[in-house]
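Listing of protein.txt, compact mmCIF, C-alpha atoms and all ligand atoms
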# COMPACT_ATOMS: atom_id res chain seq x y z
CA MET A 1 126.77 188.96 27.19
CA THR A 2 124.64 186.83 24.83
CA ASP A 3 121.01 186.59 25.86
CA LEU A 4 120.37 182.84 25.54
CA SER A 5 116.64 183.29 26.03
CA GLN A 6 116.64 184.94 22.59
CA GLN A 7 118.01 181.73 21.03
CA THR A 8 115.08 179.41 21.51
CA GLY A 9 114.79 178.29 17.93
CA PRO A 10 111.75 178.89 15.70
CA ALA A 11 108.31 178.48 17.30
CA ILE A 12 106.28 175.48 16.07
CA GLU A 13 102.58 176.30 15.71
CA VAL A 14 100.14 173.44 16.34
CA PRO A 15 96.33 173.33 16.38
CA ARG A 16 94.48 173.43 19.71
CA ILE A 17 91.95 170.60 19.60
CA LEU A 18 90.96 169.81 23.18
CA ASP A 19 88.35 171.63 25.23
CA ALA A 20 88.93 172.69 28.85
CA GLU A 21 87.08 169.64 30.17
CA GLN A 22 89.44 167.23 28.38
CA VAL A 23 92.51 169.11 29.66
CA HIS A 24 91.05 168.96 33.18
CA PHE A 25 90.39 165.21 32.81
CA PHE A 26 94.05 164.65 31.94
CA ILE A 27 95.31 166.70 34.88
CA GLU A 28 93.00 164.84 37.30
CA ASN A 29 93.29 161.30 35.95
CA GLY A 30 96.72 161.23 34.34
CA TYR A 31 95.43 159.89 31.03
CA LEU A 32 93.14 160.89 28.19
CA VAL A 33 91.57 158.90 25.35
CA VAL A 34 91.03 160.74 22.05
CA PRO A 35 89.31 158.61 19.35
CA ASP A 36 89.62 159.00 15.57
CA LEU A 37 92.82 161.06 15.48
CA ILE A 38 94.54 158.86 12.92
CA ASN A 39 92.65 158.03 9.72
CA SER A 40 92.67 154.77 7.76
CA ASP A 41 95.26 155.97 5.20
CA GLU A 42 97.59 156.94 8.03
CA LEU A 43 97.04 153.59 9.76
CA LYS A 44 97.98 151.84 6.52
CA GLU A 45 101.13 153.96 6.27
CA LEU A 46 102.06 153.00 9.84
CA LYS A 47 101.42 149.31 9.16
CA ASP A 48 103.46 149.37 5.94
CA ASP A 49 106.31 151.17 7.65
CA LEU A 50 106.41 148.61 10.46
CA ILE A 51 107.04 145.97 7.78
CA ALA A 52 109.81 148.10 6.25
CA VAL A 53 111.52 148.56 9.64
CA ALA A 54 111.07 144.90 10.62
CA ARG A 55 112.40 143.69 7.26
CA GLY A 56 115.54 145.76 7.76
CA GLN A 57 114.79 147.99 4.77
CA TYR A 58 116.31 150.96 6.58
CA PRO A 59 119.95 149.94 6.99
CA CYS A 60 120.89 150.12 10.68
CA GLU A 61 122.31 148.23 13.63
CA GLY A 62 119.95 146.10 15.69
CA ILE A 63 118.00 144.34 12.95
CA ASP A 64 119.18 142.05 10.15
CA PRO A 65 117.66 142.30 6.66
CA ALA A 66 114.93 139.65 6.37
CA SER A 67 115.09 136.79 3.93
CA PRO A 68 112.86 137.39 0.85
CA ASP A 69 111.41 133.93 1.59
CA ASP A 70 109.90 135.15 4.86
CA THR A 71 106.40 136.59 4.58
CA ASP A 72 105.55 139.89 6.29
CA GLU A 73 103.35 137.89 8.66
CA GLU A 74 106.19 135.56 9.63
CA ILE A 75 108.50 138.50 10.32
CA LEU A 76 106.00 140.31 12.54
CA GLN A 77 105.19 137.12 14.46
CA ARG A 78 108.72 137.25 15.93
CA ILE A 79 108.67 140.78 17.38
CA LEU A 80 107.34 142.09 20.68
CA CYS A 81 108.56 145.69 20.33
CA ILE A 82 111.05 147.82 18.36
CA HIS A 83 112.67 150.62 20.36
CA GLN A 84 113.52 153.96 18.72
CA PRO A 85 112.30 153.22 15.16
CA HIS A 86 112.26 156.98 14.47
CA PHE A 87 116.07 156.90 14.54
CA ILE A 88 115.92 155.19 11.15
CA SER A 89 112.43 155.72 9.71
CA PRO A 90 111.29 159.11 8.39
CA VAL A 91 107.71 157.82 8.44
CA ILE A 92 107.81 157.21 12.20
CA GLU A 93 109.43 160.62 12.67
CA LYS A 94 106.53 162.12 10.71
CA TYR A 95 104.09 160.63 13.24
CA ILE A 96 106.17 162.00 16.13
CA ARG A 97 105.48 165.42 14.57
CA HIS A 98 101.83 164.67 13.68
CA PRO A 99 100.13 168.10 13.98
CA LYS A 100 96.96 166.91 15.74
CA ILE A 101 98.91 164.77 18.22
CA CYS A 102 101.36 167.61 18.88
CA GLY A 103 98.50 170.08 19.24
CA ILE A 104 97.08 167.97 22.06
CA LEU A 105 100.53 167.55 23.59
CA GLY A 106 100.88 171.35 23.50
CA GLN A 107 97.77 171.55 25.67
CA ILE A 108 98.32 168.80 28.27
CA THR A 109 101.99 167.76 28.60
CA ALA A 110 102.80 170.21 31.41
CA ALA A 111 99.33 171.62 32.06
CA HIS A 112 100.07 171.11 35.79
CA VAL A 113 103.06 173.52 35.64
CA PRO A 114 102.32 177.24 36.18
CA TYR A 115 103.31 179.53 33.26
CA TRP A 116 103.89 176.60 30.87
CA ASP A 117 103.66 177.90 27.29
CA GLY A 118 102.83 174.65 25.44
CA SER A 119 106.41 173.82 24.37
CA VAL A 120 107.07 170.08 23.93
CA LYS A 121 109.94 167.86 22.77
CA CYS A 122 110.13 164.13 21.94
CA MET A 123 112.85 161.75 23.11
CA GLN A 124 111.58 158.21 22.45
CA SER A 125 109.51 155.97 20.18
CA MET A 126 108.49 152.33 20.65
CA TYR A 127 106.57 150.25 18.12
CA PHE A 128 104.84 147.34 19.89
CA VAL A 129 103.81 144.48 17.60
CA LYS A 130 102.63 142.06 20.30
CA PRO A 131 101.50 139.07 18.24
CA PRO A 132 99.16 136.43 19.74
CA GLN A 133 100.63 134.75 22.85
CA PHE A 134 103.24 137.49 23.31
CA GLN A 135 103.71 138.96 26.76
CA GLY A 136 102.63 142.37 28.08
CA GLN A 137 104.40 144.81 30.39
CA ALA A 138 104.01 144.55 34.19
CA TRP A 139 102.96 147.59 36.28
CA HIS A 140 105.34 150.49 35.85
CA GLN A 141 105.66 154.27 35.65
CA ASP A 142 107.57 155.57 32.63
CA GLU A 143 109.38 158.23 34.70
CA ILE A 144 111.36 155.38 36.28
CA TYR A 145 113.09 155.11 32.92
CA ILE A 146 112.95 158.66 31.53
CA PRO A 147 113.26 161.27 34.30
CA THR A 148 112.09 164.83 33.74
CA ARG A 149 112.58 167.79 36.07
CA ASP A 150 108.90 168.68 36.33
CA ARG A 151 106.88 165.42 36.07
CA SER A 152 106.00 166.25 32.48
CA LEU A 153 106.87 162.96 30.77
CA ILE A 154 103.95 161.86 28.60
CA GLY A 155 103.26 158.89 26.32
CA ALA A 156 101.20 159.33 23.13
CA TRP A 157 99.99 155.77 22.46
CA ILE A 158 98.67 155.34 18.91
CA ALA A 159 96.41 152.30 18.50
CA VAL A 160 97.27 150.85 15.08
CA ASP A 161 94.88 147.90 15.68
CA ASP A 162 91.81 147.72 17.90
CA ALA A 163 93.11 147.08 21.44
CA THR A 164 90.92 144.86 23.61
CA VAL A 165 91.15 143.02 26.92
CA GLU A 166 91.60 139.85 24.85
CA ASN A 167 94.56 141.06 22.77
CA GLY A 168 96.34 142.91 25.59
CA CYS A 169 95.10 146.51 25.81
CA LEU A 170 96.53 149.07 28.22
CA TYR A 171 95.36 149.10 31.88
CA VAL A 172 95.74 152.24 33.99
CA ILE A 173 95.20 153.28 37.61
CA PRO A 174 93.46 156.65 37.25
CA GLY A 175 94.93 159.37 39.46
CA SER A 176 98.05 157.34 40.39
CA HIS A 177 100.25 160.12 38.97
CA ARG A 178 98.93 162.85 41.26
CA LYS A 179 101.40 162.82 44.13
CA GLY A 180 104.47 162.38 41.96
CA TYR A 181 105.47 159.23 43.89
CA LEU A 182 107.70 156.66 42.20
CA TYR A 183 106.79 153.19 43.48
CA PRO A 184 109.55 150.65 44.17
CA GLN A 185 110.13 147.85 41.68
CA HIS A 186 111.04 144.17 41.89
CA GLU A 187 111.45 141.27 39.50
CA HIS A 188 108.04 139.70 38.88
CA ASP A 189 107.51 135.93 38.86
CA ASN A 190 105.13 135.79 35.92
CA PRO A 191 107.22 135.59 32.70
CA ASP A 192 104.30 133.94 30.93
CA GLU A 193 102.16 137.08 31.34
CA PHE A 194 104.73 139.91 31.31
CA ASP A 195 108.05 140.63 29.61
CA PHE A 196 111.33 140.78 31.57
CA ALA A 197 111.06 144.41 32.75
CA PRO A 198 110.61 144.83 36.53
CA GLU A 199 107.24 145.40 38.18
CA SER A 200 106.19 148.33 40.37
CA TYR A 201 104.46 147.38 43.65
CA GLY A 202 102.94 148.87 46.80
CA PHE A 203 99.51 150.09 45.63
CA ASP A 204 95.95 148.84 45.24
CA GLU A 205 95.71 147.07 41.86
CA ASP A 206 91.97 146.47 42.16
CA VAL A 207 91.18 149.98 40.92
CA GLU A 208 92.75 149.35 37.51
CA VAL A 209 90.76 150.29 34.40
CA PRO A 210 91.16 148.54 31.01
CA VAL A 211 91.48 151.04 28.16
CA GLU A 212 89.85 149.28 25.20
CA VAL A 213 90.09 151.44 22.08
CA LYS A 214 89.56 151.31 18.33
CA ALA A 215 92.42 151.64 15.83
CA GLY A 216 93.18 155.33 15.20
CA THR A 217 92.60 156.29 18.84
CA LEU A 218 95.27 158.07 20.89
CA VAL A 219 95.78 157.36 24.59
CA PHE A 220 97.88 160.03 26.31
CA PHE A 221 99.31 159.18 29.74
CA ASN A 222 101.52 160.97 32.24
CA GLY A 223 104.94 159.50 33.15
CA TYR A 224 103.89 158.90 36.79
CA LEU A 225 100.70 157.04 35.85
CA LEU A 226 100.79 153.36 36.87
CA HIS A 227 99.98 151.25 33.82
CA ARG A 228 100.46 147.76 32.45
CA SER A 229 99.33 145.49 29.66
CA ARG A 230 98.68 141.76 29.72
CA LYS A 231 99.58 138.94 27.35
CA ASN A 232 97.84 138.85 23.97
CA GLN A 233 95.33 136.00 24.45
CA GLY A 234 93.53 136.72 21.19
CA ASN A 235 94.32 135.70 17.65
CA ILE A 236 95.08 139.14 16.18
CA THR A 237 98.26 141.16 16.56
CA ARG A 238 98.01 144.31 18.70
CA ARG A 239 100.18 146.98 17.07
CA VAL A 240 100.80 150.27 18.90
CA LEU A 241 103.23 153.10 18.22
CA VAL A 242 103.95 154.91 21.49
CA ASN A 243 106.04 158.07 21.46
CA HIS A 244 107.31 159.83 24.58
CA TYR A 245 107.58 163.59 25.06
CA CYS A 246 108.05 166.15 27.84
CA ASN A 247 107.91 169.87 28.48
CA ALA A 248 110.64 171.43 26.31
CA TRP A 249 111.61 173.68 29.26
CA SER A 250 112.60 170.66 31.38
CA LEU A 251 116.17 169.41 31.10
CA LEU A 252 116.28 165.72 30.21
CA PRO A 253 118.64 163.99 32.69
CA TRP A 254 118.26 160.62 30.95
CA SER A 255 121.01 157.98 30.63
CA ILE A 256 123.40 159.97 32.79
CA GLU A 257 126.98 159.60 31.67
CA GLU A 258 130.09 159.42 33.79
CA GLY A 259 131.08 162.82 35.10
CA GLU A 260 127.59 164.28 34.61
CA ARG A 261 125.41 165.62 37.41
CA VAL A 262 121.67 165.00 37.55
CA ALA A 263 121.21 168.72 38.12
CA ASN A 264 122.50 169.76 34.71
CA ALA A 265 122.54 166.61 32.57
CA ASP A 266 120.48 167.12 29.42
CA ARG A 267 120.18 164.66 26.53
CA ARG A 268 119.86 166.53 23.25
CA ASN A 269 118.81 163.64 21.02
CA ILE A 270 115.35 165.19 20.92
CA ILE A 271 112.82 166.54 18.43
CA PRO A 272 110.97 169.78 19.26
CA VAL A 273 107.30 169.35 18.26
CA SER A 274 105.37 172.28 19.76
CA GLY A 275 106.22 175.84 20.78
CA VAL A 276 109.90 176.65 21.28
CA ASP A 277 113.03 174.75 22.26
CA PRO A 278 114.57 176.95 24.97
CA TYR A 279 117.85 175.02 24.75
CA ALA A 280 118.20 175.22 20.96
CA TRP A 281 121.49 177.08 21.57
CA LYS A 282 122.98 173.76 22.82
CA GLY A 283 122.43 172.14 19.43
CA TYR A 284 121.16 168.61 18.81
CA GLU A 285 122.67 165.12 18.99
CA LYS A 286 122.44 163.10 15.79
CA PRO A 287 120.43 159.91 16.43
CA PRO A 288 122.47 156.71 16.03
CA ARG A 289 121.45 154.47 13.12
CA SER A 290 120.44 151.73 15.51
CA ILE A 291 117.29 150.29 16.99
CA HIS A 292 116.69 147.74 19.72
CA ILE A 293 114.34 144.74 19.72
CA ARG A 294 112.77 144.01 23.10
CA ASP A 295 112.85 140.50 24.54
CA CYS A 296 110.18 138.38 26.23
CA LYS A 297 109.52 134.70 26.89
CA ALA A 298 107.68 134.23 23.55
CA VAL A 299 110.66 135.65 21.62
CA LYS A 300 113.06 133.30 23.43
CA GLU A 301 110.81 130.30 22.80
CA LEU A 302 110.65 131.07 19.08
CA ALA A 303 114.43 131.32 19.00
CA GLY A 304 114.61 127.88 20.69
CA ASN A 305 116.01 129.18 24.02
O1 LIG B 401 101.25 149.03 25.05
C1 LIG B 401 101.74 148.31 25.89
O2 LIG B 401 101.58 147.11 25.87
C2 LIG B 401 102.57 148.90 26.99
C3 LIG B 401 103.01 150.29 26.72
C4 LIG B 401 103.80 150.82 27.85
O3 LIG B 401 103.92 150.23 28.89
C5 LIG B 401 104.47 152.11 27.71
O4 LIG B 401 104.38 152.73 26.66
O5 LIG B 401 105.10 152.53 28.69

As a first step, turn the structure in this file into structure tokens.
Amino acid sequence: MTDLSQQTGPAIEVPRILDAEQVHFFIENGYLVVPDLINSDELKELKDDLIAVARGQYPCEGIDPASPDDTDEEILQRILCIHQPHFISPVIEKYIRHPKICGILGQITAAHVPYWDGSVKCMQSMYFVKPPQFQGQAWHQDEIYIPTRDRSLIGAWIAVDDATVENGCLYVIPGSHRKGYLYPQHEHDNPDEFDFAPESYGFDEDVEVPVEVKAGTLVFFNGYLLHRSRKNQGNITRRVLVNHYCNAWSLLPWSIEEGERVANADRRNIIPVSGVDPYAWKGYEKPPRSIHIRDCKAVKELAGN
């Protein structure tokens, strides 16, 4: 019989950057801030690529090519967030595989799981533009949307601009990931502050901490960590590329299809970024050439709805 454990695909080596104290901070608090990971040339590349994606320069479904009469500024002022830009942009895919980011992911993603060997895979990217007066995201836990088998979902949030309380930085509730509890959700009644996604409730919000960071900083956060961001009340855009990953040894029972069981469902539209892919023998799904633009009240108002 074939030994599938021998078919894990090539190992991806990544640098180990964090010290034991930082890894411990992440395990205890569910998030970690690492400044100066992305340099100014890389930030420029990310900003330029956002324009290329938003102008429709990568042919795909979900975004129409922009008129040459529209300035870059005008195009960005219409977008809250682009989902899955790495499906079409090789530049975004390059940042999903960024060695320093993946090195850190290889240290913390499943640091709570005994015998974890540092293997990590990526399943999602989101590029938030969040221009002035655009809404934030109400309290939520990302595992509500992307389930893993071992609580190893993690966001790597790349600040492309300085993120402040004024322009809608991230807020977290430290330690809220610890028990692995998924809070219930309801529709919120504050569409002026938050986009249309539901809001988690049933916890003490007063212990929230704003995470104000400089451009080039990474904020890593666990999929069970309660977090939110508020409306951009400033006059500068708050761009963030956030990529989601999990332990490569966890199946990914995401977007379950008819006839599938949670126990063995496993989406294979993933990118291995650290260590091995134990399920390489299953092969990979080709990403669709499509992206999705997220809605909010500001987007609807601009469209005259
Ligand atoms: O950056 C933001 O405004 C929100 C990001 C977020 O909620 C997420 O990545 O899950």

Distance filter 6 Å around ligand LIG 401 (chain B), atoms: only C-alpha atoms and all ligand atoms, out as a PyMOL selection string: chain A and resi 136-137+142+170+228-229+242

Find the residues near A:Lys282: any atom within 12 Å, counting all atoms listed in the file, skip ones fewer than 2 places away on the same chain, and give them as a PyMOL selection string. chain A and resi 4-5+7-9+251+266-270+277-280+284-285

Using only C-alpha atoms, collect all residues at a distance of at most 8 Å from (107.0, 144.3, 44.0) as written in the file, then present them as a ChimeraX atom specification. /A:184-188,199-202

Hey, what's within 7 Å of A:Ile291 if we count all atoms listed in the file and toss same-chain stuff fewer than 4 positions away? As a list in words, please? Glu61, Gly62, Ile82, His83, Gln84 and Pro85 of chain A

My list of candidates is A:Ile96, A:Ala138, A:Ile144, A:Val160. Which is closest to A:Gly223 when distances are computed with only C-alpha atoms? A:Ile144

For A:Leu105, list every protein, DNA or RNA residue within 9 Å, evaluated using all atoms listed in the file, and leave out those in the same chain fewer than 5 positions away; present the list as a list of chain:residue names.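 Those residues are A:Lys100, A:Ala110, A:Gly118, A:Ser119, A:Val120, A:Ile154, A:Ala156, A:Phe220, A:Tyr245, A:Cys246, A:Val273, A:Ser274.
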
Would you pick out the contacts of A:Tyr127 at 6 Å or less, using only C-alpha atoms, so that residues sharing its chain but fewer than 5 positions from it are not included, and give the list as a VMD selection string? chain A and resid 81 to 82 240 to 241

Which residue of A:Ala303, A:Ala298, A:Val213, A:Ile38 approaches A:Phe134 most closely, using all atoms listed in the file: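 Closest to A:Phe134 of all the choices is A:Ala298.
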
Find the spatial neighbours of A:Arg230, counting all atoms listed in the file, within a cut-off of 12 Å - ignore same-chain residues fewer than 6 positions away - and output them as an MDAnalysis selection string. chainID A and resid 130 132:139 163:172 190:195 210:211 238

What does the distance from atom CA of A:Arg294 to atom CA of A:Pro198 come to in Å, to one decimal?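 Atom-to-atom, atom CA of A:Arg294 and atom CA of A:Pro198 are spaced 13.6 Å apart.
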
Option closest in space to A:Tyr95, from A:Gln233, A:Cys122, A:Val129, A:Lys300 [counting all atoms listed in the file]: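 For A:Tyr95, the nearest of the candidates is A:Cys122.
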
Length of the atom CA of A:Ser290 to atom CA of A:Ile158 vector [Å]: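 Interatomic distance, atom CA of A:Ser290 to atom CA of A:Ile158: 22.3 Å.
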
Nearest residue to A:Glu73 out of A:Pro174, A:Thr237, A:Ala20, A:Glu28, using only C-alpha atoms? A:Thr237

For a quick check of understanding, using all atoms listed in the file, which of A:Ser40, A:Ser89, A:Ser67, A:Asn232 has the smallest distance to A:Ala52?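 Selected residue with least distance to A:Ala52: A:Ser89.
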
Two-atom distance - atom CA of A:Lys47, atom CA of A:Ala159 (Å):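 Interatomic distance, atom CA of A:Lys47 to atom CA of A:Ala159: 11.0 Å.
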